[in-house]
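What follows is a single structure, written as structure tokens, with notes after it.
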Amino acid sequence: MTALERSAAAQRTFVRAPLADVTILAARVLIALLFIMSGFEKLTAYQAAAGHLEGMGVPAVFAYLAPPVEFFCGVAVLLGVLTQAVAALMFVFTVVATLIAHRYWQYADPAQHLAQYINFWKNVSMLGGMLLLIVTGGGRFSIDALIWRRRAR
């Protein structure tokens, strides 16, 4: 099934094309922004971010990979490049990050408990967005669709 066929499948919902494709684009932008901003922040303080992750028990290789993965995968989602594969990678990344960094049940301090509780469930919501991108692909307004259109010629 090509990206354009997936886009056509979205037309069978109550959201009709081209609104379905605009909605997929909006979803990509909204979910990508969080990863781009967070990844960029970690990249600008790369050593500190990696050190913080190592301090949480993340092996060094993954601690140093996490910031660029977060940022560049966010950019890929934003642009709609390899959307389904990147969304799958970000799904796994987010599950791991959530279970490592947002263990709200371990905090006795009510403020820390609440902050981590909110971040945990925010990440669960992001997982839903990634699952939808795995199913829909990047939509008509993505680099993926542009490539499919050029190959179809």
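Ordered as shown in the structure tokens, chains take letters A, B, and onward, while each chain numbers its residues from 1 and ligands are numbered from 1 in the order shown.
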
Item to complete: Quick one: pick out all alpha helix (DSSP H) residues within chain A from a backbone DSSP run and write them as an MDAnalysis selection string.
Response: chainID A and resid 3:10 19:44 46:55 60:79 83:101 110:136 143:152

Per residue of segment 34-68 of chain A within 12 Å of segment 87-109 of chain A, what are the shortest atom pair and its distance in Å to one decimal, counting only C-alpha atoms, with rows by chain and residue number, as a Markdown table?
```
| residue | atom | partner | partner_atom | distance |
| --- | --- | --- | --- | --- |
| A:Leu34 | CA | A:Thr94 | CA | 11.7 |
| A:Phe35 | CA | A:Met90 | CA | 9.2 |
| A:His52 | CA | A:Ala101 | CA | 10.3 |
| A:Leu53 | CA | A:Ala101 | CA | 8.5 |
| A:Glu54 | CA | A:Ile100 | CA | 10.8 |
| A:Gly55 | CA | A:Ala101 | CA | 10.7 |
| A:Met56 | CA | A:Ile100 | CA | 7.2 |
| A:Gly57 | CA | A:Ile100 | CA | 8.1 |
| A:Val58 | CA | A:Ile100 | CA | 8.0 |
| A:Pro59 | CA | A:Ile100 | CA | 11.6 |
| A:Phe62 | CA | A:Phe93 | CA | 10.4 |
| A:Ala63 | CA | A:Ala97 | CA | 10.6 |
| A:Leu65 | CA | A:Phe93 | CA | 10.8 |
| A:Ala66 | CA | A:Phe93 | CA | 8.3 |
| A:Pro67 | CA | A:Phe93 | CA | 11.0 |
| A:Pro68 | CA | A:Phe93 | CA | 12.0 |
```

Worksheet item: Any idea what the distance is between atom CA of Leu30 of chain A and atom CA of Gln116 of chain A?
Response: 21.4 Å

Worksheet item: What lies within 7 Å of Gly74 of chain A using only C-alpha atoms, ignoring chain neighbours under 5 positions off, as a list in words?
Response: Ala32, Leu33, Phe35 and Ile36 of chain A

Output file for the selection above: N, CA and C atoms, as a compact mmCIF listing (two decimals), in the first residue's frame:
```
# COMPACT_ATOMS: atom_id res chain seq x y z
N ALA A 32 5.93 16.35 16.32
CA ALA A 32 7.34 16.57 16.03
C ALA A 32 7.92 17.71 16.87
N LEU A 33 7.13 18.75 17.09
CA LEU A 33 7.63 19.91 17.83
C LEU A 33 8.17 19.53 19.20
N PHE A 35 9.44 16.65 20.19
CA PHE A 35 10.72 15.94 20.05
C PHE A 35 11.83 16.88 19.59
N ILE A 36 11.51 17.77 18.66
CA ILE A 36 12.53 18.71 18.16
C ILE A 36 12.99 19.65 19.28
```

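Take atom CA of Gly138 of chain A and atom CA of Leu19 of chain A: the distance between them is 13.8 Å.
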
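For the set A:Lys122, A:Arg140, A:Arg28, A:Arg151, the residue with the smallest atom-to-atom gap to Leu79 of chain A is A:Arg28, counting only C-alpha atoms.
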
Practice prompt. Using only C-alpha atoms, determine which residues lie at most 12 Å from Gln84 of chain A, disregarding the query and same-chain residues fewer than 4 positions distant; provide the list as a ChimeraX atom specification.
Written response: /A:2-3,6,28,73,76-77,80,88-91,129-139,142,144-145

Worksheet, complete the sentence: What separates atom CA of Tyr64 of chain A and atom CA of Tyr46 of chain A is a distance of 7.9 Å
